[in-house]
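Okay, upload.txt is below, compact mmCIF, C-alpha atoms:
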# COMPACT_ATOMS: atom_id res chain seq x y z
CA LEU T 193 -74.55 -34.62 -14.04
CA LEU T 194 -78.25 -34.58 -13.23
CA ASP T 195 -78.91 -37.09 -16.01
CA TYR T 196 -76.12 -39.28 -14.68
CA ALA T 197 -77.51 -39.09 -11.11
CA LEU T 198 -80.89 -40.20 -12.46
CA TYR T 199 -79.29 -42.94 -14.56
CA ILE T 200 -77.46 -44.44 -11.59
CA ARG T 201 -80.46 -43.72 -9.34
CA ASN T 202 -78.40 -41.86 -6.74
CA ILE T 203 -80.55 -39.39 -4.80
CA GLY T 204 -77.61 -38.00 -2.77
CA PHE T 205 -75.63 -37.20 -5.90
CA PHE T 206 -78.75 -35.68 -7.48
CA ILE T 207 -79.21 -33.39 -4.47
CA LEU T 208 -75.56 -32.31 -4.46
CA VAL T 209 -75.71 -31.40 -8.15
CA LEU T 210 -78.89 -29.41 -7.55
CA PHE T 211 -77.23 -27.61 -4.62
CA PHE T 212 -74.25 -26.68 -6.78
CA LEU T 213 -76.48 -25.49 -9.62
CA ARG T 214 -78.55 -23.41 -7.21
CA ARG T 215 -75.42 -21.69 -5.94
CA THR T 216 -74.45 -20.59 -9.44
CA SER T 217 -76.25 -18.21 -11.74
CA ILE T 218 -78.60 -20.95 -12.97
CA HIS T 219 -82.25 -20.31 -12.11
CA LEU T 220 -83.99 -23.53 -11.05
CA GLU T 221 -87.75 -23.95 -11.24
CA TYR T 222 -89.89 -26.91 -10.37
CA ILE T 223 -93.16 -27.57 -12.20
CA GLU T 224 -95.06 -30.23 -10.32
CA ARG T 225 -97.91 -30.78 -12.79
CA LYS T 226 -98.91 -30.10 -16.32
CA GLU T 227 -102.69 -30.09 -16.28
CA LYS T 228 -103.54 -33.40 -14.55
CA VAL T 229 -100.22 -35.13 -15.16
CA VAL T 230 -97.71 -35.29 -12.28
CA LEU T 231 -94.29 -34.75 -13.86
CA ILE T 232 -91.98 -35.82 -11.03
CA SER T 233 -92.87 -37.83 -7.95
CA GLY T 234 -91.40 -39.96 -5.19
CA PRO T 235 -87.90 -39.39 -3.84
CA TRP T 236 -86.91 -37.27 -6.86
CA ARG T 237 -89.69 -34.80 -6.06
CA GLU T 238 -88.68 -34.79 -2.39
CA ALA T 239 -85.08 -34.03 -3.39
CA ILE T 240 -86.08 -31.13 -5.66
CA VAL T 241 -88.44 -29.67 -3.06
CA TYR T 242 -85.71 -29.98 -0.44
CA VAL T 243 -83.04 -28.21 -2.50
CA LEU T 244 -85.37 -25.46 -3.68
CA ASN T 245 -86.54 -25.02 -0.09
CA ILE T 246 -90.24 -25.23 -0.90
CA GLY T 247 -92.66 -27.17 1.23
CA GLN T 248 -91.82 -28.97 4.45
CA LYS T 249 -88.36 -29.31 5.94
CA ASN T 250 -86.71 -32.71 5.64
CA PRO T 251 -84.73 -33.40 8.83
CA HIS T 252 -83.28 -36.60 7.33
CA TYR T 253 -81.74 -34.71 4.40
CA ASP T 254 -80.68 -31.88 6.74
CA ARG T 255 -78.63 -34.29 8.86
CA ILE T 256 -76.93 -35.70 5.77
CA PHE T 257 -76.18 -32.50 3.88
CA GLU T 258 -75.36 -30.08 6.69
CA LYS T 259 -72.01 -31.88 6.89
CA GLN T 260 -71.31 -31.19 3.21
CA PHE T 261 -71.40 -27.39 3.47
CA PHE T 262 -70.08 -24.90 5.96
CA ASP T 263 -72.81 -22.70 7.38
CA LEU T 264 -71.08 -19.41 6.81
CA ASN T 265 -74.23 -17.48 7.71
CA GLN T 266 -73.16 -17.73 11.34
CA HIS T 267 -70.20 -15.49 10.43
CA ALA T 268 -72.21 -12.87 8.51
CA ASN T 269 -71.32 -10.08 10.96
CA LEU T 270 -67.58 -10.68 10.92
CA PRO T 271 -65.34 -8.17 9.17
CA LEU T 272 -63.94 -9.50 5.90
CA ARG T 273 -60.59 -10.42 7.42
CA GLY T 274 -62.26 -12.46 10.18
CA PHE T 275 -64.40 -14.19 7.56
CA ILE T 276 -61.29 -15.08 5.54
CA ASP T 277 -59.71 -16.52 8.68
CA VAL T 278 -62.80 -18.74 9.14
CA LEU T 279 -62.55 -19.87 5.50
CA CYS T 280 -58.88 -20.73 6.00
CA GLU T 281 -59.60 -22.61 9.21
CA ASN T 282 -62.30 -24.67 7.45
CA PHE T 283 -59.94 -25.31 4.53
CA THR T 284 -57.11 -26.43 6.81
CA ARG T 285 -59.37 -28.87 8.65
CA TYR T 286 -59.60 -31.03 5.51
CA GLN T 287 -55.87 -31.22 4.78
CA ARG T 288 -53.78 -34.31 5.26
CA PHE T 289 -51.24 -34.47 8.04
CA THR T 290 -47.49 -34.57 7.48
CA GLU T 291 -45.30 -37.11 9.23
CA ASP T 292 -44.81 -34.73 12.16
CA GLY T 293 -48.58 -34.38 12.70
CA GLN T 294 -48.99 -30.91 11.20
CA TYR T 295 -51.48 -30.02 8.48
CA GLN T 296 -49.96 -30.42 5.03
CA ILE T 297 -51.28 -27.14 3.62
CA VAL T 298 -52.01 -24.10 5.76
CA PRO T 299 -52.87 -20.79 4.04
CA THR T 300 -50.14 -18.21 4.58
CA GLU T 301 -50.65 -14.58 5.51
CA LYS T 302 -49.74 -13.59 1.94
CA GLN T 303 -52.39 -15.97 0.54
CA LYS T 304 -54.99 -14.53 2.92
CA GLN T 305 -54.15 -11.01 1.72
CA PHE T 306 -54.36 -12.19 -1.90
CA LEU T 307 -57.80 -13.72 -1.27
CA GLU T 308 -58.97 -10.50 0.38
CA ARG T 309 -57.75 -8.55 -2.67
CA ILE T 310 -59.75 -10.85 -4.98
CA ILE T 311 -62.94 -10.61 -2.93
CA CYS T 312 -62.72 -6.82 -2.61
CA GLY T 313 -61.68 -6.29 -6.23
CA GLU T 314 -63.78 -3.72 -8.04
CA GLU T 315 -63.04 -5.25 -11.43
CA SER T 316 -62.47 -8.70 -12.90
CA PHE T 317 -59.41 -10.41 -11.56
CA HIS T 318 -57.10 -12.57 -13.66
CA PHE T 319 -54.88 -15.17 -12.03
CA SER T 320 -51.60 -14.25 -13.60
CA GLU T 321 -49.48 -13.96 -10.50
CA VAL T 322 -47.03 -16.83 -10.22
CA GLY T 323 -46.41 -18.45 -6.87
CA THR T 324 -49.59 -17.38 -5.11
CA GLY T 325 -50.70 -20.92 -4.31
CA LYS T 326 -53.80 -20.40 -6.40
CA THR T 327 -54.28 -24.04 -7.38
CA LYS T 328 -53.85 -25.60 -3.95
CA VAL T 329 -55.13 -22.78 -1.72
CA ILE T 330 -56.83 -19.80 -3.39
CA MET T 331 -59.18 -21.66 -5.75
CA PRO T 332 -60.45 -24.07 -3.06
CA LEU T 333 -61.05 -21.10 -0.73
CA LEU T 334 -62.99 -19.26 -3.44
CA CYS T 335 -65.01 -22.42 -4.09
CA GLN T 336 -65.77 -22.67 -0.39
CA THR T 337 -66.96 -19.08 -0.47
CA PHE T 338 -69.28 -19.52 -3.42
CA LEU T 339 -70.47 -23.05 -2.70
CA SER T 340 -71.10 -22.64 0.99
CA SER T 341 -74.56 -22.37 2.45
CA ASN T 342 -74.06 -18.60 2.71
How does the structure come out when it is put into structure tokens?
Amino acid sequence: LLDYALYIRNIGFFILVLFFLRRTSIHLEYIERKEKVVLISGPWREAIVYVLNIGQKNPHYDRIFEKQFFDLNQHANLPLRGFIDVLCENFTRYQRFTEDGQYQIVPTEKQKQFLERIICGEESFHFSEVGTGKTKVIMPLLCQTFLSSN
């Protein structure tokens, strides 16, 4: 994806891919120079420095990308159940409306309990339970958890 972002010369896409990589187990390093040769410069360098949070802040990028991720750090002191409620509220906000003006998908109490069980699990969890709403609800909520700015 990084190669593709470079190929199409899309800085925003490049930054998003770097953000997602940083939030996984991939260790990202930036080497600015090799001896006297500058390896990366211009907007690509600015993007890397921004994502890796080295150097100066970039208020322009902040304004663009703060809308892409929920700042879950503000909820760090909530008990787990309160945190799950915040995740579900954020999730619901991006659902389509039905004809009667209600959100199309709203996580149920059972789905919230299931998510809590996954997060608190002391061992690996396998999605084998049928009818838990894992594709439409649980997986997006887990993604929000791991890909948030928290």
Atom-to-atom span, atom CA of T:Gln305 and atom CA of T:Thr337, Å: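 So the answer is 15.3 Å.
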Using atom CA of T:Gln303 and atom CA of T:Ala268 as the two end points, give the distance in Å to one decimal.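 It comes out at 21.6 Å.
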How many Å separate atom CA of T:Arg201 from atom CA of T:Ser233? 13.8 Å
Skipping near chain neighbours, those fewer than 3 positions away, what residues fall within 8 Å of stretch 294-301 of chain T using only C-alpha atoms, listed as JSON, numbers by chain? {"T": [280, 284, 285, 287, 288, 289, 290, 291, 304, 305, 329]}
